[in-house]
file entry-v5.pdb (PDB, C-alpha atoms)
ATOM      1  CA  MET A 264      -9.256 -16.369  10.429
ATOM      2  CA  THR A 265      -7.220 -14.706   7.725
ATOM      3  CA  LYS A 266      -8.703 -12.906   4.722
ATOM      4  CA  LYS A 267      -7.419 -12.698   1.145
ATOM      5  CA  LEU A 268      -4.793  -9.954   0.647
ATOM      6  CA  GLU A 269      -4.339  -9.135   4.342
ATOM      7  CA  ILE A 270      -0.727  -8.347   5.205
ATOM      8  CA  TYR A 271       0.875  -9.695   8.382
ATOM      9  CA  GLN A 272       4.272  -9.018   9.933
ATOM     10  CA  CYS A 273       6.371 -10.823  12.533
ATOM     11  CA  PRO A 274       7.074  -8.530  15.510
ATOM     12  CA  ASN A 275      10.464 -10.219  16.030
ATOM     13  CA  CYS A 276      12.162 -10.723  12.678
ATOM     14  CA  GLY A 277      10.079  -8.512  10.364
ATOM     15  CA  ASN A 278       8.979 -11.307   8.001
ATOM     16  CA  THR A 279       6.021  -9.888   6.087
ATOM     17  CA  ILE A 280       3.421 -11.995   4.274
ATOM     18  CA  GLU A 281       0.304 -11.391   2.212
ATOM     19  CA  VAL A 282      -2.540 -13.917   2.416
ATOM     20  CA  VAL A 283      -3.171 -15.609  -0.932
ATOM     21  CA  LEU A 284      -6.076 -17.828   0.171
ATOM     22  CA  GLU A 285      -8.204 -17.404   3.290
ATOM     23  CA  GLY A 286      -7.776 -19.853   6.134
ATOM     24  CA  ILE A 287      -8.926 -20.506   9.682
ATOM     25  CA  GLY A 288      -5.485 -20.937  11.239
ATOM     26  CA  GLU A 289      -3.369 -18.408  13.090
ATOM     27  CA  LEU A 290      -0.237 -17.062  11.411
ATOM     28  CA  VAL A 291       2.859 -17.612  13.573
ATOM     29  CA  CYS A 292       6.525 -16.697  13.095
ATOM     30  CA  CYS A 293       9.412 -16.931  15.591
ATOM     31  CA  GLY A 294       6.987 -18.668  17.958
ATOM     32  CA  GLN A 295       4.679 -15.623  18.145
ATOM     33  CA  LYS A 296       1.411 -14.584  16.533
ATOM     34  CA  MET A 297       2.003 -12.346  13.499
ATOM     35  CA  THR A 298       0.536  -8.817  13.553
ATOM     36  CA  LEU A 299      -2.104  -7.785  11.017
ATOM     37  CA  LEU A 300      -0.951  -4.538   9.377
ATOM     38  CA  THR A 301      -3.666  -1.924   8.997
ATOM     39  CA  PRO A 302      -2.896   0.586   6.252
ATOM     40  CA  LYS A 303      -2.849   4.277   6.976
ATOM     41  CA  THR A 304      -5.169   6.269   4.712
ATOM     42  CA  ILE A 305      -5.985   9.824   3.674
ATOM     43  CA  GLU A 306      -7.306  10.403   7.221
ATOM     44  CA  ASN A 307      -3.748  10.077   8.571
ATOM     45  CA  LYS A 308      -2.469  13.626   8.093
ATOM     46  CA  GLU A 309       1.033  12.994   9.491
ATOM     47  CA  ASN A 310       3.488  11.944   6.734
ATOM     48  CA  GLN A 311       0.626  11.725   4.207
ATOM     49  CA  GLU A 312       2.229  14.022   1.602
ATOM     50  CA  LYS A 313       5.099  11.566   1.035
ATOM     51  CA  HIS A 314       3.338   8.235   1.612
ATOM     52  CA  LEU A 315      -0.186   8.227   0.240
ATOM     53  CA  PRO A 316      -0.471   6.538  -3.171
ATOM     54  CA  TYR A 317      -2.109   8.745  -5.772
ATOM     55  CA  PHE A 318      -3.317   8.079  -9.278
ATOM     56  CA  GLU A 319      -2.463   9.788 -12.540
ATOM     57  CA  LYS A 320      -3.737   9.027 -16.033
ATOM     58  CA  THR A 321      -1.566   9.858 -19.008
ATOM     59  CA  GLU A 322      -2.357   9.282 -22.663
ATOM     60  CA  ASN A 323      -0.974   5.731 -22.686
ATOM     61  CA  GLU A 324      -0.579   4.735 -19.040
ATOM     62  CA  PHE A 325      -2.169   4.761 -15.640
ATOM     63  CA  LEU A 326       0.373   5.624 -12.927
ATOM     64  CA  ILE A 327       0.338   5.033  -9.195
ATOM     65  CA  LYS A 328       2.828   7.423  -7.631
ATOM     66  CA  ILE A 329       3.842   7.524  -3.991
ATOM     67  CA  GLY A 330       3.352  10.900  -2.385
ATOM     68  CA  GLU A 331       2.350  14.242  -3.811
ATOM     69  CA  THR A 332       5.900  15.145  -2.803
ATOM     70  CA  GLU A 333       7.963  12.221  -4.110
ATOM     71  CA  HIS A 334       8.976   9.843  -1.350
ATOM     72  CA  PRO A 335      12.728   9.606  -0.653
ATOM     73  CA  MET A 336      14.327   6.431  -1.947
ATOM     74  CA  GLU A 337      17.436   6.168   0.223
ATOM     75  CA  GLU A 338      19.108   3.103   1.762
ATOM     76  CA  GLU A 339      17.672   3.868   5.209
ATOM     77  CA  HIS A 340      14.209   5.087   4.071
ATOM     78  CA  TYR A 341      12.405   3.843   0.964
ATOM     79  CA  ILE A 342       9.249   2.289  -0.480
ATOM     80  CA  GLN A 343       9.677  -1.490  -0.584
ATOM     81  CA  PHE A 344       6.654  -2.285  -2.767
ATOM     82  CA  ILE A 345       3.597  -0.797  -4.475
ATOM     83  CA  GLU A 346       0.523  -2.906  -5.216
ATOM     84  CA  ALA A 347      -2.634  -2.234  -7.272
ATOM     85  CA  ILE A 348      -5.747  -4.295  -6.471
ATOM     86  CA  SER A 349      -9.023  -4.378  -8.405
ATOM     87  CA  LYS A 350     -12.229  -3.806  -6.437
ATOM     88  CA  ASP A 351     -13.250  -7.465  -6.826
ATOM     89  CA  LYS A 352      -9.728  -8.552  -5.715
ATOM     90  CA  LYS A 353      -9.270 -10.703  -8.832
ATOM     91  CA  TYR A 354      -6.483  -8.624 -10.355
ATOM     92  CA  ILE A 355      -3.308  -7.651  -8.546
ATOM     93  CA  LYS A 356      -0.094  -6.065  -9.756
ATOM     94  CA  ARG A 357       2.857  -5.622  -7.392
ATOM     95  CA  LYS A 358       6.181  -3.916  -7.990
ATOM     96  CA  TYR A 359       9.118  -4.334  -5.615
ATOM     97  CA  LEU A 360      11.474  -1.382  -5.330
ATOM     98  CA  ASN A 361      15.047  -0.745  -4.257
ATOM     99  CA  PRO A 362      16.662   2.460  -3.006
ATOM    100  CA  LYS A 363      17.271   5.046  -5.744
ATOM    101  CA  GLU A 364      14.381   3.729  -7.911
ATOM    102  CA  GLU A 365      11.406   5.923  -8.744
ATOM    103  CA  PRO A 366       8.391   5.048  -6.519
ATOM    104  CA  VAL A 367       5.902   4.557  -9.387
ATOM    105  CA  LEU A 368       3.819   1.601 -10.574
ATOM    106  CA  LYS A 369       2.797   1.798 -14.246
ATOM    107  CA  LEU A 370      -0.344   0.026 -15.464
ATOM    108  CA  GLN A 371      -0.895  -0.355 -19.203
ATOM    109  CA  CYS A 372      -4.652  -0.954 -19.366
ATOM    110  CA  LEU A 373      -6.507   2.344 -19.043
ATOM    111  CA  ASP A 374      -9.917   0.824 -18.222
ATOM    112  CA  LYS A 375      -9.136   0.058 -14.585
ATOM    113  CA  GLY A 376     -12.460   0.629 -12.890
ATOM    114  CA  ASP A 377     -12.184   1.025  -9.123
ATOM    115  CA  LEU A 378      -8.747   0.267  -7.644
ATOM    116  CA  SER A 379      -6.963   0.224  -4.335
ATOM    117  CA  ALA A 380      -3.272   0.995  -4.143
ATOM    118  CA  ILE A 381      -1.076   0.087  -1.207
ATOM    119  CA  GLU A 382       2.572   0.802  -0.537
ATOM    120  CA  TYR A 383       4.951  -0.242   2.176
ATOM    121  CA  CYS A 384       7.550   2.195   3.527
ATOM    122  CA  ASN A 385      10.323   0.532   5.533
ATOM    123  CA  VAL A 386      10.099   3.352   8.127
ATOM    124  CA  HIS A 387       6.428   4.475   8.155
ATOM    125  CA  GLY A 388       4.634   1.224   7.305
ATOM    126  CA  LEU A 389       1.645   0.416   5.118
ATOM    127  CA  TRP A 390      -0.436   3.082   3.300
ATOM    128  CA  GLU A 391      -3.543   2.794   1.111
ATOM    129  CA  ASN A 392      -5.602   4.979  -1.210
ATOM    130  CA  LYS A 393      -8.543   4.227  -3.509
ATOM    131  CA  PHE A 394      -9.372   5.277  -7.079
ATOM    132  CA  SER A 395     -12.934   5.398  -8.413
ATOM    133  CA  SER A 396     -13.508   5.686 -12.122
TER
END

call {"tool": "encode", "arguments": {"input": "entry-v5.pdb", "output": "structure tokens"}}
result
Amino acid sequence: MTKKLEIYQCPNCGNTIEVVLEGIGELVCCGQKMTLLTPKTIENKENQEKHLPYFEKTENEFLIKIGETEHPMEEEHYIQFIEAISKDKKYIKRKYLNPKEEPVLKLQCLDKGDLSAIEYCNVHGLWENKFSS
């Protein structure tokens, strides 16, 4: 059974999907079962300084930045997307990125409550961090 907002990837071709609505079926691509991606978190010390999403409030914006040391955004190594998810999973904002772009997601509403932020690095995979207001 799949759950809302889980992310799966094909081990053969790399197709990556996010579940929009839960279902009882098995996700298959290239004739094989897709792999559920489990995000790395603050407990994963290796590569954390450049991959863990962190939160910053400014006067007019709420920013989700990738890495305390900004993540490289090169052709061979970059953040492919950043996503903010409300605690109740009703509100989602995703930004897709290309090499050379700044790895930041800007949110305009300052009253965010509790949030999760995930990012996907094309080399080091899925990472997640949480913000509590």

call {"tool": "residues_near_point", "arguments": {"input": "entry-v5.pdb", "point": "(-9.6, 6.2, -6.1)", "cutoff": "12 Å", "atoms": "all atoms listed in the file", "output": "VMD selection string"}}
result
chain A and resid 304 to 305 315 to 320 327 347 to 350 375 to 381 391 to 396

call {"tool": "axis_aligned_box", "arguments": {"input": "entry-v5.pdb", "around": "region 283-295 of chain A", "padding_each_side": "5 Å", "output": "lines of an AutoDock Vina configuration file"}}
result
center_x = 0.2
center_y = -18.3
center_z = 8.6
size_x = 28.3
size_y = 15.3
size_z = 29.1

call {"tool": "residues_around", "arguments": {"input": "entry-v5.pdb", "residues": "region 287-298 of chain A", "least_positions_apart": "2", "cutoff": "7 Å", "atoms": "all atoms listed in the file", "output": "VMD selection string"}}
result
chain A and resid 264 to 265 271 to 275 300

call {"tool": "residues_around", "arguments": {"input": "entry-v5.pdb", "residues": "Val283 (chain A)", "least_positions_apart": "5", "cutoff": "9 Å", "atoms": "all atoms listed in the file", "output": "list in words"}}
result
Lys266, Lys267, Leu268 and Glu269 of chain A

call {"tool": "atom_distance", "arguments": {"input": "entry-v5.pdb", "atom1": "CA of Thr301 (chain A)", "atom2": "CA of Gln343 (chain A)"}}
result
16.4 Å

call {"tool": "closest_residue", "arguments": {"input": "entry-v5.pdb", "among": "A:Glu337, A:Asn385, A:Phe325, A:Lys313", "to": "Gly277 (chain A)", "atoms": "all atoms listed in the file"}}
result
A:Asn385

call {"tool": "closest_residue", "arguments": {"input": "entry-v5.pdb", "among": "A:Leu389, A:Ile270, A:Lys369, A:Tyr341", "to": "Glu285 (chain A)", "atoms": "all atoms listed in the file"}}
result
A:Ile270

call {"tool": "atom_distance", "arguments": {"input": "entry-v5.pdb", "atom1": "CA of Thr321 (chain A)", "atom2": "CA of Lys358 (chain A)"}}
result
19.3 Å

call {"tool": "atom_distance", "arguments": {"input": "entry-v5.pdb", "atom1": "CA of Glu338 (chain A)", "atom2": "CA of Gly388 (chain A)"}}
result
15.6 Å

call {"tool": "residues_around", "arguments": {"input": "entry-v5.pdb", "residues": "Glu333 (chain A)", "least_positions_apart": "3", "cutoff": "9 Å", "atoms": "all atoms listed in the file", "output": "list of chain:residue names"}}
result
A:Glu312, A:Lys313, A:His314, A:Lys328, A:Ile329, A:Gly330, A:Met336, A:Glu365, A:Pro366
